[in-house]
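For reference, model-v5.csv is printed below; it contains CSV, C-alpha atoms.
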```csv
chain,number,residue,atom,x,y,z
E,30,MET,CA,0.0,0.0,0.0
E,31,GLN,CA,1.4,3.4,-1.0
E,32,GLU,CA,2.0,5.9,1.7
E,33,PRO,CA,0.1,9.2,1.5
E,34,TYR,CA,2.1,12.0,-0.1
E,35,SER,CA,3.9,14.3,2.4
E,36,LEU,CA,5.5,17.5,1.3
E,37,THR,CA,8.2,17.4,4.0
E,38,ARG,CA,9.3,14.0,2.7
E,39,ASP,CA,9.6,15.2,-0.9
E,40,PRO,CA,13.2,16.0,-2.0
E,41,LEU,CA,11.8,19.0,-3.9
E,42,TYR,CA,10.8,20.6,-0.6
E,43,TYR,CA,14.5,20.6,0.5
E,44,PHE,CA,15.7,21.7,-3.0
E,45,THR,CA,13.3,24.7,-2.7
E,46,ALA,CA,14.6,25.5,0.8
E,47,GLY,CA,18.1,25.5,-0.6
E,48,PHE,CA,17.1,27.8,-3.4
E,49,PHE,CA,15.6,30.2,-0.8
E,50,VAL,CA,18.8,30.1,1.3
E,51,ILE,CA,20.6,31.4,-1.8
E,52,LEU,CA,17.9,33.9,-2.7
E,53,THR,CA,17.5,35.4,0.7
E,54,THR,CA,21.3,35.4,1.5
E,55,ALA,CA,23.3,36.2,-1.6
E,56,LEU,CA,21.3,39.1,-3.0
E,57,PRO,CA,20.9,41.1,0.2
E,58,ALA,CA,24.5,40.4,1.2
E,59,LEU,CA,26.0,41.6,-2.1
E,60,LEU,CA,23.7,44.7,-2.0
E,61,GLY,CA,24.9,45.5,1.5
E,62,GLN,CA,21.5,45.4,3.2
E,63,PRO,CA,22.1,45.0,7.0
E,64,ARG,CA,18.4,45.1,7.9
E,65,PHE,CA,16.9,43.3,4.9
E,66,LEU,CA,19.4,40.4,5.1
E,67,PRO,CA,18.5,38.8,8.5
E,68,LEU,CA,14.8,39.8,8.2
E,69,ASN,CA,14.5,38.1,4.8
E,70,GLN,CA,16.3,35.0,6.0
E,71,ALA,CA,14.3,34.8,9.2
E,72,LEU,CA,10.9,35.1,7.4
E,73,ALA,CA,11.8,32.4,4.9
E,74,LEU,CA,13.3,30.0,7.5
E,75,THR,CA,10.3,30.4,9.7
E,76,VAL,CA,8.0,29.4,6.9
E,77,PHE,CA,10.1,26.3,6.0
E,78,ILE,CA,10.2,25.0,9.6
E,79,ALA,CA,6.5,25.8,10.2
E,80,ILE,CA,5.4,23.5,7.4
E,81,PRO,CA,6.7,20.3,9.0
E,82,LEU,CA,6.0,21.4,12.6
E,83,ARG,CA,2.3,22.0,11.7
E,84,LYS,CA,2.3,18.4,10.5
E,85,ASN,CA,3.9,17.1,13.7
E,86,HIS,CA,7.0,16.1,11.6
E,87,LEU,CA,9.8,17.1,13.9
E,88,ARG,CA,12.5,15.3,11.8
E,89,GLY,CA,11.5,17.3,8.8
E,90,ALA,CA,11.9,20.5,10.7
E,91,VAL,CA,15.3,19.4,12.0
E,92,ASN,CA,16.4,18.4,8.5
E,93,VAL,CA,15.4,21.6,6.8
E,94,MET,CA,16.9,23.7,9.6
E,95,ALA,CA,20.2,21.8,9.3
E,96,LEU,CA,20.2,22.3,5.5
E,97,TRP,CA,19.4,26.0,5.8
E,98,LEU,CA,22.1,26.8,8.4
E,99,LEU,CA,24.8,24.8,6.7
E,100,LEU,CA,24.2,26.5,3.3
E,101,GLN,CA,23.8,29.9,4.9
E,102,TYR,CA,27.1,29.6,6.8
E,103,ALA,CA,28.9,28.3,3.7
E,104,LEU,CA,27.5,30.9,1.4
E,105,ILE,CA,28.2,33.9,3.7
E,106,THR,CA,31.8,32.6,4.2
E,107,LEU,CA,32.3,32.2,0.4
E,108,LEU,CA,30.8,35.6,-0.4
E,109,THR,CA,32.9,37.3,2.3
E,110,TRP,CA,36.0,35.6,1.1
E,111,SER,CA,35.3,36.6,-2.5
E,112,PHE,CA,33.5,40.0,-2.2
E,113,GLY,CA,34.3,41.1,1.4
E,114,ASP,CA,33.9,44.8,0.7
E,115,TYR,CA,30.3,44.3,-0.4
E,116,VAL,CA,29.3,41.8,2.3
E,117,GLU,CA,30.7,43.9,5.2
E,118,ARG,CA,28.1,46.5,4.5
E,119,ALA,CA,25.4,43.9,5.1
E,120,ILE,CA,26.8,43.2,8.5
E,121,ASP,CA,26.2,45.6,11.4
E,122,ASP,CA,29.4,47.6,11.7
E,123,GLY,CA,31.0,45.1,9.4
E,124,PHE,CA,34.1,47.2,8.6
E,125,VAL,CA,34.8,47.7,12.3
E,126,TYR,CA,34.1,44.1,13.1
E,127,ARG,CA,36.5,42.9,10.4
E,128,GLY,CA,39.3,45.1,12.0
E,129,GLU,CA,38.5,43.8,15.5
E,130,LEU,CA,38.6,40.2,14.2
E,131,ALA,CA,42.1,40.8,12.8
E,132,SER,CA,43.2,42.4,16.1
E,133,TRP,CA,42.0,39.3,17.9
E,134,PHE,CA,43.3,36.7,15.5
E,135,TYR,CA,46.7,38.2,14.9
E,136,GLY,CA,47.2,40.5,17.9
E,137,GLY,CA,45.6,38.6,20.8
E,138,ALA,CA,42.9,41.2,21.6
E,139,ALA,CA,39.5,40.0,23.0
E,140,LEU,CA,37.2,38.3,20.5
E,141,PRO,CA,34.9,40.9,19.2
E,142,GLY,CA,31.2,40.2,20.1
E,143,GLY,CA,32.4,37.3,22.3
E,144,LEU,CA,31.3,36.4,25.8
E,145,HIS,CA,34.3,38.2,27.4
E,146,ALA,CA,33.8,41.4,25.4
E,147,THR,CA,30.0,41.7,25.3
E,148,PRO,CA,28.3,39.4,27.9
E,149,ILE,CA,25.1,41.5,27.8
E,150,ALA,CA,24.7,41.1,24.1
E,151,ARG,CA,25.1,37.3,24.4
E,152,LEU,CA,22.4,37.3,27.1
E,153,ILE,CA,20.1,39.3,24.9
E,154,GLU,CA,20.7,36.9,22.1
E,155,ILE,CA,19.8,33.9,24.2
E,156,LEU,CA,16.7,35.6,25.5
E,157,GLY,CA,15.8,36.5,22.0
E,158,ILE,CA,16.1,32.9,20.9
E,159,ILE,CA,14.0,31.5,23.8
E,160,LEU,CA,11.3,34.2,24.3
E,161,GLY,CA,11.2,35.3,20.7
E,162,SER,CA,10.7,31.7,19.5
E,163,LEU,CA,8.1,30.9,22.1
E,164,LEU,CA,6.0,34.1,21.6
E,165,THR,CA,6.2,34.5,17.8
E,166,ALA,CA,6.1,30.9,16.5
E,167,GLY,CA,9.8,31.0,15.9
E,168,LEU,CA,10.1,34.3,13.9
E,169,VAL,CA,12.0,36.4,16.3
E,170,GLY,CA,14.1,33.5,17.4
E,171,ALA,CA,14.9,32.8,13.8
E,172,TRP,CA,16.1,36.4,13.4
E,173,PHE,CA,18.6,36.0,16.2
E,174,LEU,CA,19.6,32.6,14.8
E,175,VAL,CA,20.3,33.7,11.2
E,176,ARG,CA,22.1,36.8,12.5
E,177,ALA,CA,24.4,34.7,14.5
E,178,VAL,CA,25.1,32.5,11.5
E,179,ASN,CA,25.8,35.6,9.3
E,180,PHE,CA,28.4,36.9,11.8
E,181,ALA,CA,30.0,33.5,12.1
E,182,GLY,CA,30.2,33.2,8.3
E,183,PHE,CA,31.4,36.7,7.9
E,184,GLY,CA,34.2,36.2,10.5
E,185,THR,CA,35.3,33.0,8.8
E,186,GLY,CA,35.4,34.5,5.3
E,187,ALA,CA,37.1,37.7,6.5
E,188,LEU,CA,39.9,35.7,8.2
E,189,LEU,CA,40.2,33.3,5.3
E,190,ALA,CA,40.9,36.3,3.0
E,191,SER,CA,43.6,37.6,5.3
E,192,LEU,CA,45.5,34.3,5.6
E,193,ASP,CA,49.0,34.1,4.2
E,194,THR,CA,49.2,30.3,4.6
E,195,PRO,CA,46.6,27.5,4.2
E,196,ALA,CA,48.0,25.8,7.3
E,197,LEU,CA,45.8,28.1,9.5
E,198,ILE,CA,42.6,27.4,7.7
E,199,LEU,CA,41.1,25.3,10.5
E,200,LEU,CA,41.8,28.0,13.0
E,201,VAL,CA,39.4,30.5,11.3
E,202,ILE,CA,36.4,28.3,11.8
E,203,PRO,CA,34.6,29.5,15.0
E,204,LEU,CA,33.8,26.1,16.6
E,205,TRP,CA,32.4,27.8,19.7
E,206,SER,CA,29.9,29.8,17.6
E,207,LEU,CA,28.9,26.8,15.5
E,208,VAL,CA,28.2,24.6,18.5
E,209,ARG,CA,26.1,27.4,20.1
E,210,ILE,CA,24.2,28.0,16.9
E,211,ALA,CA,23.4,24.3,16.7
E,212,GLY,CA,21.9,24.6,20.2
E,213,TYR,CA,20.0,27.7,19.1
E,214,ALA,CA,18.5,25.9,16.1
E,215,GLY,CA,17.1,23.1,18.3
E,216,LEU,CA,15.6,25.7,20.7
E,217,VAL,CA,14.0,27.6,17.9
E,218,ILE,CA,12.3,24.5,16.6
E,219,LEU,CA,11.1,23.3,20.0
E,220,LEU,CA,9.8,26.7,21.2
E,221,ALA,CA,8.1,27.5,17.9
E,222,GLU,CA,6.2,24.2,18.0
E,223,PRO,CA,3.5,25.0,20.6
E,224,LEU,CA,2.0,27.9,18.6
E,225,LEU,CA,2.5,26.3,15.2
E,226,ALA,CA,1.0,23.0,16.3
E,227,ASN,CA,-1.8,24.6,18.3
E,228,ARG,CA,-0.5,23.5,21.7
E,229,SER,CA,-1.0,26.2,24.3
E,230,SER,CA,1.3,24.5,26.8
E,231,ILE,CA,5.0,23.7,26.7
E,232,SER,CA,4.4,20.5,28.7
E,233,HIS,CA,4.6,18.6,25.3
E,234,ILE,CA,8.2,19.7,25.0
E,235,LEU,CA,9.1,18.5,28.4
E,236,THR,CA,7.4,15.1,27.9
E,237,HIS,CA,7.8,14.3,24.2
E,238,ARG,CA,10.7,16.5,23.2
E,239,ARG,CA,13.0,16.0,26.2
E,240,LYS,CA,15.9,14.5,24.2
E,241,LEU,CA,16.1,17.3,21.7
E,242,LEU,CA,15.6,19.9,24.5
E,243,MET,CA,18.5,18.5,26.6
E,244,LEU,CA,20.7,18.2,23.5
E,245,SER,CA,19.9,21.8,22.5
E,246,LEU,CA,20.5,23.3,25.9
E,247,GLY,CA,23.7,21.2,26.2
E,248,LEU,CA,25.0,22.6,22.9
E,249,VAL,CA,24.3,26.2,24.0
E,250,ILE,CA,26.1,25.7,27.3
E,251,ALA,CA,29.0,23.9,25.6
E,252,GLY,CA,29.3,26.7,23.0
E,253,LEU,CA,29.4,29.3,25.7
E,254,LEU,CA,32.1,27.4,27.6
E,255,LEU,CA,34.2,26.9,24.5
E,256,GLU,CA,33.8,30.6,23.8
E,257,LEU,CA,35.5,31.3,27.1
E,258,ILE,CA,38.4,29.0,26.3
E,259,LEU,CA,39.1,28.5,22.6
E,260,PRO,CA,39.4,32.1,21.2
E,261,GLY,CA,42.5,32.7,23.4
E,262,LEU,CA,44.1,29.5,22.3
E,263,VAL,CA,43.3,30.1,18.6
E,264,ALA,CA,44.8,33.6,18.8
E,265,ARG,CA,48.0,32.2,20.4
E,266,ALA,CA,48.2,29.5,17.8
E,267,ALA,CA,47.8,32.0,14.9
```
For this file, write the structure as structure tokens.
Amino acid sequence: MQEPYSLTRDPLYYFTAGFFVILTTALPALLGQPRFLPLNQALALTVFIAIPLRKNHLRGAVNVMALWLLLQYALITLLTWSFGDYVERAIDDGFVYRGELASWFYGGAALPGGLHATPIARLIEILGIILGSLLTAGLVGAWFLVRAVNFAGFGTGALLASLDTPALILLVIPLWSLVRIAGYAGLVILLAEPLLANRSSISHILTHRRKLLMLSLGLVIAGLLLELILPGLVARAA
């Protein structure tokens, strides 16, 4: 007996999501649109995770989220490496941030935007992920999420463009940010679900989504701990 058709199990759904990653990332980034870039990305991402969540297909939401964030990070990295002067205008204070990154990586200064330098900003980001996702069916949380990915990709691409030797390539990948972002992604999905699936209580998360909840919180905590340790080690190694 043939299974009923499901959009979120159709490869075309994920192909379309990939197309929207490119559409909502490349054009605003190259046009230098710091407001339109994350808003555009957040709106599209929210729609793509809402479709499987409304069908109670958690795996579909996780799959499309992973696809989106991987492509977004890779695309921003590649665009920054190739067209850095354009992309830095699409990042808040991108020119200043690029200079501060170089000061950290090559001069041992504090990581710009990191937990040591801006703990309040990191706290606001975490609250935005949690409360924003819960109260807006994921939209505000997705905005904080894609913004974090944009900064991670921009930082990677900017440092790649500055390298004199390929031996340092692995050092420019912000592992602490990627781990934290993975945790954010899980929280956005979990906390968007109650409104999208017409569940007024978060008790469903605590009972039926406990594994993903624990994993997501663990990744956020691990990312924050790595952010306290790794940037200093990376700067000394560079």
- Query: With all atoms listed in the file as the basis for distance, which of E:Thr37, E:Ser245, E:Gln70, E:Asn85 is at the shortest distance from E:Ala211?
  - Reply: E:Ser245
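Between atom CA of E:Leu188 and atom CA of E:Ala139 there is a distance of 15.4 Å.
The environment of stretch 195-199 of chain E within 12 Å, counting all atoms listed in the file and disregarding residues fewer than 3 places along the same chain, consists of Phe134, Tyr135, Thr185, Gly186, Ala187, Leu188, Leu189, Ala190, Ser191, Leu192, Ile202, Pro203, Leu204, Val263, Ala264, Arg265, Ala266 and Ala267 of chain E.
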- Got a sec: who's within 9 Å of stretch 105-109 of chain E, counting all atoms listed in the file, leaving out chain neighbours fewer than 6 positions off, as an MDAnalysis selection string? chainID E and resid 54:55 58:59 115:117 178:187 189:190
- Task: Do a neighbour search on stretch 39-48 of chain E at 9 Å with only C-alpha atoms, toss out local chain neighbours closer than 6 positions, and write the hits as a ChimeraX atom specification.
- Result: /E:73-74,77,92-93,96-97,100
- Query: If you count all atoms listed in the file, which residues fall within 8 Å of E:Val175, apart from same-chain ones fewer than 2 positions away, as a VMD selection string?
  - Reply: chain E and resid 67 70 to 71 98 171 to 173 177 to 179
- Give me the residues within 12 Å of E:His237 as a count of residues only, counting only C-alpha atoms and dropping any in the same chain fewer than 3 places off. 12
- Task: Measure the distance from atom CA of E:Val169 to atom CA of E:Leu235 in Å and round it to one decimal.
- Result: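 That distance, rounded to one decimal, is 21.8 Å.
Residue nearest E:Ala166, chosen from E:Met94, E:Trp205, E:Ile153, E:Ile78 and counting all atoms listed in the file: E:Ile78.
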- Interatomic distance, atom CA of E:Arg209 to atom CA of E:Leu248 (Å, one decimal):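 Between these atoms lies a distance of 5.7 Å.
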- Restricting the calculation to only C-alpha atoms, which member of E:Leu99, E:Ala119, E:Leu216, E:Leu56 is positioned closest to E:Gly167?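 Smallest separation from E:Gly167 among the options: E:Leu216.
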- Item | Counting all atoms listed in the file, the option among E:Arg127, E:Arg64, E:Arg38, E:Arg228 closest to E:Gly89 |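 Among the listed residues, E:Arg38 lies closest to E:Gly89.
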- Which is closest to E:Leu224 among E:Ala79, E:Gln101, E:Leu262, E:Ile155, if we use only C-alpha atoms?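 Ranking E:Ala79, E:Gln101, E:Leu262, E:Ile155 by distance to E:Leu224, first place goes to E:Ala79.
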